[in-house]
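Here's the structure, in structure tokens; my notes come after.
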Amino acid sequence: MAEPNLNSFSAFPEDVQFCILSFLSPTEIANFACTSKRYAPLCQNDSKLWYSLCDRRWGSKTQINKWGDGQISYKLLYKTLNKWENLIGFWRRCGQSQQKETVKPPSLVFFEWGSSFLSGWRVSPSQNAYCVIKSPFLLISISPEGEIVNYLDPEGQNKNKLFGDLGYLDMDVVPVNVNFIGDSHFSVEENMNFAYRRSLSSGNLKGEDSGEDIVSVASGSPGSLPETLEIYQYYANRMSPGADRAIRRQRRREKEKQGKKRWETEHFLKIVDSSPTLDRPLQGLWKGICEDRKMEFYLVAYDEFGISCRRVGDLSERHSRSTPVFWTSDPTFIEFPFPTEEEYLYDTRIHIQPPEAANLDWDFPIENDAVSRIMYINSSYDLVILGVEGASMNPWRVEGRVWQYRNGTFGFGFLRNHFIVDLKHIAKNGCLLDIPGDL
């Protein structure tokens, strides 16, 4: 009788087998399941294997067993979260907002993990020192039936409800579809089919007659497209008796749906490099107090041409690509010790402080007052081309400096004035910084 091979995978206890498989990717698990019939049930075990896969990857960020009220398969959850994970981080709106609000909504959006959902926040600068305001924007989750549910708060006023218990239908929120276009682009459009069916159902609950005798489909199977239902309904109406009357009613219903529309489609692009690195210490999103003593968000980007810094609020404007705050084609630093003239330039400049610091005659603390390196930059108002006569009448007006501090932040200023705009991190380690406690 042959002795069992103690080095074989099948010789391990089942719990050890699950532990080993949990380190594999879904593709590797599928390939392993094809090697033997006895391994197929092992690889399909939802409560042990696929739960372990979800918990190992996202257990420290969200509560795995709360998604879908714990009633969905973990294999489906893994597939869904694997797609949604790319949303985490910063995104910016493309183009100007087409919403009906009198106040233009912020263009910056930040996604983070919730207990059983992904929460999207609109992020805007506060006028309270370096504080950041975040208002609820989008909730993405899964229903107990395994269907995707997306709800948008157009006013940004339902934080406790939108990101608390999932009582969607009792809230003033908008059901939306989130459409992914690659890894760095998504759109948010109102789900008019859901909204219109909800309005009809609420009317019928009140005893109102919708007056429609057309063939309709109330809901589709999970994963079916609303457009498919509309196409089916269209041809069903064409084939049914009284087709002309049905078509007129369908057109009237489409107009009613458009009249009830509360959200215009918006597109968002991912800010991929939103944090500094060792090779790119200035890269990412920053916040700073401008010369008018208002806080602004800045995005510093590296490319093959050098470094450019732009205001985030200007990125959605029509001519934003031609208006950087500062730029340089030579991203090299001057290391310590500095020339005497460079020390004088820094020492004779004023760090711009928040309004309350000036009003209270309070010396706002500059934690980053120790300069470690200096970089030469140019302003956005003129272009300096060496060796070209008349490129700039006065290079003094376009030249500036970046002062990098020992704590990793930096400030910038230009020789034409005596100010330094100090920039601080907006987020660190995946969390927004300086959020007021009452928000």
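Numbering starts fresh at 1 for the residues of each chain in the structure tokens, the chains themselves are lettered A, B, ... in the order given, and ligands are numbered from 1 as they appear.
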List as a VMD selection string the protein and nucleic acid residues near region 50-64 of chain A, meaning an atom at most 8 Å away when only C-alpha atoms are counted, but skip any in the same chain fewer than 3 places from it. chain A and resid 19 22 to 23 44 to 47 67 74 to 75 77 to 78 113 to 116
Saved selection, atoms kept: all heavy atoms, as a CSV table (one decimal), in the first residue's frame:
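So the final result, stored in part-v8.csv, reads:
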```csv
chain,number,residue,atom,x,y,z
A,19,CYS,N,-6.6,28.9,3.6
A,19,CYS,CA,-5.7,29.9,3.9
A,19,CYS,C,-4.7,30.1,2.8
A,19,CYS,O,-4.4,31.2,2.4
A,19,CYS,CB,-4.9,29.6,5.2
A,19,CYS,SG,-3.7,30.9,5.7
A,22,SER,N,-6.4,31.7,-0.3
A,22,SER,CA,-6.8,33.1,-0.1
A,22,SER,C,-5.7,34.1,-0.5
A,22,SER,O,-5.9,35.3,-0.7
A,22,SER,CB,-7.1,33.3,1.4
A,22,SER,OG,-6.0,33.2,2.2
A,23,PHE,N,-4.4,33.6,-0.7
A,23,PHE,CA,-3.3,34.4,-1.2
A,23,PHE,C,-3.3,34.5,-2.7
A,23,PHE,O,-2.5,35.2,-3.3
A,23,PHE,CB,-2.0,33.9,-0.7
A,23,PHE,CG,-1.8,34.2,0.8
A,23,PHE,CD1,-2.1,33.2,1.8
A,23,PHE,CD2,-1.3,35.4,1.2
A,23,PHE,CE1,-2.0,33.5,3.1
A,23,PHE,CE2,-1.1,35.7,2.6
A,23,PHE,CZ,-1.4,34.7,3.5
A,44,GLN,N,-14.9,27.1,-4.9
A,44,GLN,CA,-16.2,27.7,-5.0
A,44,GLN,C,-16.8,28.0,-3.7
A,44,GLN,O,-17.9,28.6,-3.6
A,44,GLN,CB,-17.2,26.9,-5.8
A,44,GLN,CG,-16.8,26.7,-7.3
A,44,GLN,CD,-17.7,25.7,-8.1
A,44,GLN,OE1,-18.6,25.2,-7.5
A,44,GLN,NE2,-17.4,25.5,-9.3
A,45,ASN,N,-16.1,27.6,-2.6
A,45,ASN,CA,-16.7,27.9,-1.3
A,45,ASN,C,-16.8,29.3,-1.0
A,45,ASN,O,-15.8,30.1,-0.9
A,45,ASN,CB,-15.8,27.2,-0.2
A,45,ASN,CG,-16.4,27.2,1.2
A,45,ASN,OD1,-16.6,28.2,1.8
A,45,ASN,ND2,-16.7,26.0,1.6
A,46,ASP,N,-18.0,29.8,-0.8
A,46,ASP,CA,-18.2,31.3,-0.6
A,46,ASP,C,-17.9,31.8,0.8
A,46,ASP,O,-17.3,32.8,1.0
A,46,ASP,CB,-19.7,31.6,-1.0
A,46,ASP,CG,-19.9,33.1,-1.2
A,46,ASP,OD1,-19.4,33.6,-2.2
A,46,ASP,OD2,-20.5,33.7,-0.3
A,47,SER,N,-18.4,31.0,1.8
A,47,SER,CA,-18.3,31.5,3.2
A,47,SER,C,-16.9,31.5,3.7
A,47,SER,O,-16.6,32.2,4.7
A,47,SER,CB,-19.3,30.7,4.1
A,47,SER,OG,-18.9,29.3,4.1
A,67,TRP,N,-21.9,44.4,3.8
A,67,TRP,CA,-22.3,44.8,2.5
A,67,TRP,C,-23.5,44.0,2.1
A,67,TRP,O,-23.6,42.7,2.3
A,67,TRP,CB,-21.2,44.5,1.5
A,67,TRP,CG,-20.1,45.6,1.6
A,67,TRP,CD1,-19.1,45.7,2.5
A,67,TRP,CD2,-19.9,46.7,0.7
A,67,TRP,NE1,-18.3,46.8,2.3
A,67,TRP,CE2,-18.8,47.5,1.1
A,67,TRP,CE3,-20.6,47.1,-0.5
A,67,TRP,CZ2,-18.4,48.6,0.5
A,67,TRP,CZ3,-20.2,48.3,-1.1
A,67,TRP,CH2,-19.1,49.0,-0.6
A,74,TYR,N,-20.0,36.4,-1.3
A,74,TYR,CA,-18.7,37.1,-1.2
A,74,TYR,C,-18.0,37.1,-2.6
A,74,TYR,O,-17.1,38.0,-2.8
A,74,TYR,CB,-17.9,36.5,-0.1
A,74,TYR,CG,-18.5,36.8,1.3
A,74,TYR,CD1,-19.0,35.7,2.0
A,74,TYR,CD2,-18.5,38.0,1.8
A,74,TYR,CE1,-19.5,36.0,3.3
A,74,TYR,CE2,-19.0,38.3,3.0
A,74,TYR,CZ,-19.5,37.3,3.8
A,74,TYR,OH,-20.1,37.5,5.0
A,75,LYS,N,-18.3,36.1,-3.4
A,75,LYS,CA,-17.7,36.1,-4.7
A,75,LYS,C,-18.2,37.3,-5.5
A,75,LYS,O,-17.4,38.0,-6.2
A,75,LYS,CB,-18.0,34.8,-5.4
A,75,LYS,CG,-17.3,34.7,-6.8
A,75,LYS,CD,-17.5,33.3,-7.4
A,75,LYS,CE,-16.7,33.1,-8.7
A,75,LYS,NZ,-17.0,31.7,-9.2
A,77,LEU,N,-19.3,40.1,-4.2
A,77,LEU,CA,-18.7,41.2,-3.5
A,77,LEU,C,-17.3,41.5,-3.9
A,77,LEU,O,-16.9,42.6,-4.2
A,77,LEU,CB,-18.8,41.0,-2.0
A,77,LEU,CG,-18.3,42.2,-1.1
A,77,LEU,CD1,-19.1,43.5,-1.4
A,77,LEU,CD2,-18.3,41.8,0.3
A,78,TYR,N,-16.5,40.4,-4.1
A,78,TYR,CA,-15.1,40.6,-4.5
A,78,TYR,C,-15.1,41.2,-5.9
A,78,TYR,O,-14.3,42.1,-6.1
A,78,TYR,CB,-14.4,39.2,-4.5
A,78,TYR,CG,-12.9,39.3,-4.7
A,78,TYR,CD1,-12.0,39.4,-3.7
A,78,TYR,CD2,-12.4,39.4,-6.1
A,78,TYR,CE1,-10.6,39.5,-4.0
A,78,TYR,CE2,-11.1,39.5,-6.3
A,78,TYR,CZ,-10.2,39.5,-5.3
A,78,TYR,OH,-8.9,39.7,-5.5
A,113,TRP,N,-13.8,54.8,1.8
A,113,TRP,CA,-14.5,53.6,2.2
A,113,TRP,C,-15.5,54.0,3.3
A,113,TRP,O,-15.1,54.7,4.3
A,113,TRP,CB,-13.6,52.5,2.7
A,113,TRP,CG,-12.7,51.9,1.6
A,113,TRP,CD1,-11.4,52.2,1.3
A,113,TRP,CD2,-13.1,50.9,0.7
A,113,TRP,NE1,-11.0,51.4,0.3
A,113,TRP,CE2,-12.0,50.6,-0.2
A,113,TRP,CE3,-14.3,50.2,0.4
A,113,TRP,CZ2,-12.1,49.7,-1.2
A,113,TRP,CZ3,-14.4,49.3,-0.6
A,113,TRP,CH2,-13.2,49.0,-1.4
A,114,GLY,N,-16.7,53.4,3.3
A,114,GLY,CA,-17.6,53.4,4.4
A,114,GLY,C,-17.8,52.1,5.0
A,114,GLY,O,-17.1,51.1,4.5
A,115,SER,N,-18.7,51.9,5.9
A,115,SER,CA,-18.9,50.6,6.6
A,115,SER,C,-19.4,49.6,5.6
A,115,SER,O,-19.0,48.4,5.6
A,115,SER,CB,-19.8,50.7,7.8
A,115,SER,OG,-21.1,51.2,7.4
A,116,SER,N,-20.3,49.9,4.8
A,116,SER,CA,-20.9,49.0,3.8
A,116,SER,C,-21.2,49.7,2.5
A,116,SER,O,-22.2,49.4,1.8
A,116,SER,CB,-22.2,48.4,4.3
A,116,SER,OG,-23.2,49.4,4.6
```
Who sits within 6 Å of region 124-129 of chain A, only C-alpha atoms, same chain under 6 positions skipped, as a compact mmCIF listing (two decimals) with C-alpha atoms, in the first residue's frame:
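What landed in selection_33.txt:
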```txt
# COMPACT_ATOMS: atom_id res chain seq x y z
CA PRO A 106 -17.03 72.36 -6.14
CA MET A 295 -7.69 79.51 0.55
CA PRO A 354 -5.36 83.33 7.19
```
Surrounding residues of region 336-347 of chain A excluding itself and chain neighbours under 5 positions, 12 Å, only C-alpha atoms, as an NGL selection string: :A and (369-376 or 400-406 or 411-421)
Go ahead and save the residues from that selection, with C-alpha atoms, as a compact mmCIF listing (two decimals), in the first residue's frame.
```
# COMPACT_ATOMS: atom_id res chain seq x y z
CA ASP A 369 10.03 77.64 8.53
CA ALA A 370 13.22 75.61 8.01
CA VAL A 371 14.06 75.61 4.30
CA SER A 372 15.84 72.50 3.02
CA ARG A 373 15.97 73.18 -0.76
CA ILE A 374 15.17 75.91 -3.29
CA MET A 375 13.92 75.69 -6.89
CA TYR A 376 13.72 78.39 -9.58
CA GLY A 400 10.13 83.14 -8.60
CA ARG A 401 11.18 80.50 -6.11
CA VAL A 402 9.89 77.33 -4.50
CA TRP A 403 11.11 76.86 -0.94
CA GLN A 404 10.82 73.25 0.19
CA TYR A 405 10.63 72.81 3.96
CA ARG A 406 12.04 70.07 6.12
CA GLY A 411 5.95 77.56 -0.28
CA PHE A 412 6.29 79.61 -3.44
CA GLY A 413 6.60 83.28 -4.31
CA PHE A 414 7.73 85.67 -7.04
CA LEU A 415 10.35 88.40 -7.06
CA ARG A 416 7.81 91.03 -8.12
CA ASN A 417 6.25 91.01 -4.61
CA HIS A 418 7.21 90.15 -1.05
CA PHE A 419 4.85 87.26 -0.27
CA ILE A 420 5.17 83.51 0.21
CA VAL A 421 2.17 81.21 -0.34
```
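Of the listed residues (A:Glu85, A:Glu266, A:Asp153, A:Asp172), A:Glu266 comes nearest to Phe186 (chain A); the distances count only C-alpha atoms.
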